[in-house]
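Trainee: Structure provided below as structure tokens; questions to follow.
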Amino acid sequence: MVKKLSLILAVALIPALAWSFAKPTRLFLPHLNGMQCNGSVCVEDTKEMEKAIELYGSAIKAISTSGVPLRSRPTFVYCSTMEGYQSFGGGNERAVSYPFLGTVIAPASWQRYITQHELIHWFQFYEIGAVSTMMKPEWFREGMAYVYSGAPESDIPEHYLPMMKRYSDWHSEKSWPKVIEQAGHL
């Protein structure tokens, strides 16, 4: 009886502990963290929903138009406050994508190019594998994301510019299937 009660208690505590200490797990159920969701888009303030949906949709369209075969539509949480952003595990970065969970966008980062940048990371996670992506060289991971983000050069940290060039040179005329295949050898 004690073993059974202990097992029930452990099973009940694990989700509560994960919710409290592993903040990215809140992306599984963002509405329980104060977010309002419409499909793959979540916001803190419902007055911002239309803007967030437009941002997400236009970023997906731009990525598709550029030829990137994006096959997933991950959850994107657009935060209006730093408290909201930090409640999902965000820190000082502008946005963060958690493989298998979703993406969180900081309040000052509601730009299409930041959403596009994070969508490229989802392309990498989906096509190359989350763990494999994280083991690739930074010039590949971030170079690809910045190249396809459409970010103005003035908003790209200077140390990423050579990574963009290296990625562009490496990708050159390769088809997407070839990019994915050859990424496995990096």
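Note on naming: chains are A, B, ... as they come in the structure tokens, residues start from 1 per chain, ligands start from 1 in the order shown.
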As JSON, numbers by chain, which residues of range 8-145 of chain A does DSSP assign to alpha helix (DSSP H)?
Mentor: {"A": [8, 9, 10, 11, 12, 13, 14, 15, 16, 17, 18, 19, 20, 21, 49, 50, 51, 52, 53, 54, 55, 56, 57, 58, 59, 60, 61, 62, 63, 64, 65, 82, 83, 84, 85, 86, 87, 112, 113, 114, 115, 116, 117, 118, 119, 120, 121, 122, 123, 124, 125, 126, 127, 128, 130, 131, 132, 133, 134, 135, 138, 139, 140, 141, 142, 143, 144, 145]}
Trainee: Export, as a short mmCIF file (atom, residue, chain, number, x, y, z; two decimals), in the first residue's frame, the selected residues with C-alpha atoms.
Mentor:
data_model
loop_
_atom_site.label_atom_id
_atom_site.label_comp_id
_atom_site.auth_asym_id
_atom_site.auth_seq_id
_atom_site.Cartn_x
_atom_site.Cartn_y
_atom_site.Cartn_z
CA ILE A 8 0.86 7.91 -7.07
CA LEU A 9 2.49 10.80 -5.20
CA ALA A 10 5.57 10.69 -7.48
CA VAL A 11 3.43 10.62 -10.62
CA ALA A 12 1.45 13.59 -9.34
CA LEU A 13 4.55 15.59 -8.36
CA ILE A 14 6.59 15.12 -11.54
CA PRO A 15 4.40 17.41 -13.71
CA ALA A 16 4.22 20.02 -10.94
CA LEU A 17 7.99 20.00 -10.51
CA ALA A 18 8.54 20.18 -14.28
CA TRP A 19 6.15 23.15 -14.51
CA SER A 20 7.95 24.94 -11.68
CA PHE A 21 11.57 24.25 -12.54
CA MET A 49 -3.37 38.45 -31.32
CA GLU A 50 -4.05 39.86 -34.78
CA LYS A 51 -0.58 41.41 -34.96
CA ALA A 52 1.07 38.15 -33.84
CA ILE A 53 -0.91 36.06 -36.33
CA GLU A 54 0.07 38.44 -39.14
CA LEU A 55 3.73 38.32 -38.06
CA TYR A 56 3.77 34.52 -37.94
CA GLY A 57 1.90 34.12 -41.22
CA SER A 58 4.03 36.63 -43.11
CA ALA A 59 7.22 35.00 -41.79
CA ILE A 60 6.07 31.55 -42.94
CA LYS A 61 5.17 32.98 -46.34
CA ALA A 62 8.56 34.71 -46.67
CA ILE A 63 10.41 31.53 -45.70
CA SER A 64 8.38 29.51 -48.21
CA THR A 65 8.91 32.12 -50.95
CA MET A 82 9.70 40.37 -19.83
CA GLU A 83 7.97 38.55 -16.98
CA GLY A 84 6.01 36.53 -19.52
CA TYR A 85 9.15 35.84 -21.55
CA GLN A 86 11.11 34.75 -18.50
CA SER A 87 8.23 32.56 -17.33
CA ARG A 112 9.15 39.37 -38.95
CA TYR A 113 12.86 38.70 -39.42
CA ILE A 114 13.20 37.41 -35.87
CA THR A 115 10.26 35.06 -36.41
CA GLN A 116 11.85 33.96 -39.71
CA HIS A 117 15.18 33.38 -37.96
CA GLU A 118 13.49 31.10 -35.41
CA LEU A 119 11.52 29.29 -38.13
CA ILE A 120 14.83 28.43 -39.79
CA HIS A 121 15.94 26.83 -36.55
CA TRP A 122 12.72 24.78 -36.67
CA PHE A 123 13.54 23.77 -40.23
CA GLN A 124 16.94 22.62 -38.96
CA PHE A 125 15.39 20.72 -36.02
CA TYR A 126 12.85 19.02 -38.29
CA GLU A 127 15.12 18.15 -41.21
CA ILE A 128 18.45 17.50 -39.48
CA ALA A 130 17.31 18.72 -32.86
CA VAL A 131 20.36 17.14 -31.25
CA SER A 132 22.23 16.91 -34.54
CA THR A 133 21.47 20.58 -35.28
CA MET A 134 22.92 21.66 -31.95
CA MET A 135 26.10 19.72 -32.75
CA GLU A 138 27.74 27.78 -35.41
CA TRP A 139 28.43 29.14 -38.90
CA PHE A 140 25.93 26.59 -40.21
CA ARG A 141 23.22 26.96 -37.53
CA GLU A 142 23.29 30.73 -37.17
CA GLY A 143 24.58 31.51 -40.65
CA MET A 144 21.56 29.80 -42.22
CA ALA A 145 19.15 31.42 -39.76
#
Trainee: Using only C-alpha atoms, which protein or nucleic acid residues come within 10 Å of Arg94 in chain A? Drop anything in the same chain fewer than 6 positions from it, and give the result as a VMD selection string.
Mentor: chain A and resid 85 104 to 110 114
Trainee: Could you tell me how far CA of Ile180 in chain A lies from CA of Asp155 in chain A, in Å and to one decimal?
Mentor: 27.5 Å
Trainee: Applying 7 Å and only C-alpha atoms, which residues near range 23-35 of chain A remain after dropping the ones on its own chain fewer than 6 positions away? List them as a PDB file with N, CA, C and O atoms, in the first residue's frame.
Mentor:
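Result saved to out-v1.pdb:
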ATOM      1  N   CYS A  42       0.468  32.200 -29.865  1.00  0.00           N
ATOM      2  CA  CYS A  42      -0.005  32.534 -28.517  1.00  0.00           C
ATOM      3  C   CYS A  42       0.503  33.922 -28.134  1.00  0.00           C
ATOM      4  O   CYS A  42       1.608  34.313 -28.511  1.00  0.00           O
ATOM      5  N   VAL A  43      -0.317  34.636 -27.358  1.00  0.00           N
ATOM      6  CA  VAL A  43       0.038  35.976 -26.887  1.00  0.00           C
ATOM      7  C   VAL A  43      -0.395  36.134 -25.433  1.00  0.00           C
ATOM      8  O   VAL A  43      -1.285  35.440 -24.959  1.00  0.00           O
ATOM      9  N   GLU A  44       0.224  37.094 -24.766  1.00  0.00           N
ATOM     10  CA  GLU A  44      -0.182  37.435 -23.401  1.00  0.00           C
ATOM     11  C   GLU A  44      -1.441  38.290 -23.419  1.00  0.00           C
ATOM     12  O   GLU A  44      -2.327  38.106 -22.610  1.00  0.00           O
ATOM     13  N   SER A  87       9.016  33.662 -17.884  1.00  0.00           N
ATOM     14  CA  SER A  87       8.225  32.560 -17.334  1.00  0.00           C
ATOM     15  C   SER A  87       8.299  31.304 -18.202  1.00  0.00           C
ATOM     16  O   SER A  87       7.953  30.213 -17.751  1.00  0.00           O
ATOM     17  N   PHE A  88       8.750  31.452 -19.453  1.00  0.00           N
ATOM     18  CA  PHE A  88       8.958  30.307 -20.336  1.00  0.00           C
ATOM     19  C   PHE A  88      10.441  29.936 -20.428  1.00  0.00           C
ATOM     20  O   PHE A  88      10.823  29.124 -21.257  1.00  0.00           O
ATOM     21  N   GLY A  89      11.266  30.568 -19.616  1.00  0.00           N
ATOM     22  CA  GLY A  89      12.690  30.254 -19.601  1.00  0.00           C
ATOM     23  C   GLY A  89      13.538  31.204 -20.417  1.00  0.00           C
ATOM     24  O   GLY A  89      14.744  30.994 -20.547  1.00  0.00           O
ATOM     25  N   LEU A 101       9.209  21.694 -28.353  1.00  0.00           N
ATOM     26  CA  LEU A 101       8.299  22.443 -27.485  1.00  0.00           C
ATOM     27  C   LEU A 101       7.706  23.672 -28.169  1.00  0.00           C
ATOM     28  O   LEU A 101       6.498  23.833 -28.215  1.00  0.00           O
ATOM     29  N   GLY A 102       8.534  24.558 -28.657  1.00  0.00           N
ATOM     30  CA  GLY A 102       8.047  25.785 -29.282  1.00  0.00           C
ATOM     31  C   GLY A 102       9.077  26.895 -29.201  1.00  0.00           C
ATOM     32  O   GLY A 102      10.221  26.672 -28.802  1.00  0.00           O
TER      33      GLY A 102
END
Trainee: Could you pull out the strand (DSSP E) residues of range 59-184 of chain A from DSSP and send them as a PyMOL selection string?
Mentor: chain A and resi 76-78+95-98+102-105
Trainee: Restricted to all heavy atoms, what would the selected residues look like written as a tab-separated table (two decimals), in the first residue's frame?
Mentor:
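The resulting file, again.tsv, is reproduced below:
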chain	number	residue	atom	x	y	z
A	76	PHE	N	4.45	29.36	-31.46
A	76	PHE	CA	5.22	30.57	-31.20
A	76	PHE	C	4.46	31.38	-30.15
A	76	PHE	O	3.29	31.68	-30.34
A	76	PHE	CB	5.38	31.41	-32.47
A	76	PHE	CG	6.64	31.13	-33.24
A	76	PHE	CD1	6.93	29.85	-33.68
A	76	PHE	CD2	7.55	32.13	-33.51
A	76	PHE	CE1	8.09	29.58	-34.40
A	76	PHE	CE2	8.71	31.88	-34.22
A	76	PHE	CZ	8.99	30.60	-34.67
A	77	VAL	N	5.15	31.70	-29.06
A	77	VAL	CA	4.58	32.50	-27.99
A	77	VAL	C	5.20	33.89	-28.09
A	77	VAL	O	6.41	34.05	-27.93
A	77	VAL	CB	4.84	31.87	-26.61
A	77	VAL	CG1	4.36	32.79	-25.50
A	77	VAL	CG2	4.17	30.51	-26.51
A	78	TYR	N	4.36	34.88	-28.38
A	78	TYR	CA	4.80	36.27	-28.48
A	78	TYR	C	4.49	36.96	-27.15
A	78	TYR	O	3.32	37.16	-26.80
A	78	TYR	CB	4.08	36.99	-29.63
A	78	TYR	CG	4.49	36.48	-30.98
A	78	TYR	CD1	3.83	35.42	-31.59
A	78	TYR	CD2	5.57	37.05	-31.66
A	78	TYR	CE1	4.21	34.94	-32.83
A	78	TYR	CE2	5.95	36.58	-32.91
A	78	TYR	CZ	5.27	35.53	-33.49
A	78	TYR	OH	5.65	35.06	-34.72
A	95	ALA	N	14.94	35.91	-28.67
A	95	ALA	CA	13.97	34.83	-28.86
A	95	ALA	C	14.70	33.53	-28.58
A	95	ALA	O	15.93	33.48	-28.65
A	95	ALA	CB	13.41	34.85	-30.28
A	96	VAL	N	13.93	32.51	-28.28
A	96	VAL	CA	14.55	31.20	-28.03
A	96	VAL	C	13.60	30.11	-28.52
A	96	VAL	O	12.40	30.18	-28.31
A	96	VAL	CB	14.92	31.01	-26.54
A	96	VAL	CG1	13.72	31.09	-25.64
A	96	VAL	CG2	15.70	29.74	-26.31
A	97	SER	N	14.19	29.15	-29.24
A	97	SER	CA	13.43	27.99	-29.72
A	97	SER	C	13.87	26.76	-28.95
A	97	SER	O	15.07	26.48	-28.86
A	97	SER	CB	13.66	27.77	-31.22
A	97	SER	OG	13.01	28.77	-31.97
A	98	TYR	N	12.89	26.06	-28.41
A	98	TYR	CA	13.15	24.83	-27.69
A	98	TYR	C	12.66	23.67	-28.56
A	98	TYR	O	11.46	23.55	-28.82
A	98	TYR	CB	12.39	24.81	-26.36
A	98	TYR	CG	12.78	25.91	-25.40
A	98	TYR	CD1	11.96	27.02	-25.21
A	98	TYR	CD2	13.96	25.82	-24.67
A	98	TYR	CE1	12.32	28.01	-24.32
A	98	TYR	CE2	14.32	26.82	-23.78
A	98	TYR	CZ	13.49	27.92	-23.60
A	98	TYR	OH	13.84	28.90	-22.72
A	102	GLY	N	8.53	24.56	-28.66
A	102	GLY	CA	8.05	25.79	-29.28
A	102	GLY	C	9.08	26.89	-29.20
A	102	GLY	O	10.22	26.67	-28.80
A	103	THR	N	8.65	28.08	-29.58
A	103	THR	CA	9.50	29.27	-29.60
A	103	THR	C	8.86	30.36	-28.78
A	103	THR	O	7.65	30.54	-28.80
A	103	THR	CB	9.70	29.75	-31.05
A	103	THR	OG1	10.40	28.73	-31.77
A	103	THR	CG2	10.48	31.05	-31.13
A	104	VAL	N	9.70	31.11	-28.07
A	104	VAL	CA	9.24	32.24	-27.28
A	104	VAL	C	9.94	33.49	-27.81
A	104	VAL	O	11.16	33.51	-27.96
A	104	VAL	CB	9.55	32.04	-25.78
A	104	VAL	CG1	8.91	33.14	-24.95
A	104	VAL	CG2	9.09	30.67	-25.30
A	105	ILE	N	9.14	34.51	-28.10
A	105	ILE	CA	9.65	35.78	-28.64
A	105	ILE	C	9.56	36.84	-27.55
A	105	ILE	O	8.50	37.04	-26.95
A	105	ILE	CB	8.82	36.22	-29.87
A	105	ILE	CG1	8.75	35.12	-30.94
A	105	ILE	CG2	9.33	37.54	-30.43
A	105	ILE	CD1	10.04	34.86	-31.68
Trainee: As an exercise, work out the distance from CA of Tyr167 in chain A to CA of Val147 in chain A in Å and give it to one decimal place.
Mentor: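 Going from CA of Tyr167 in chain A over to CA of Val147 in chain A covers 8.0 Å.
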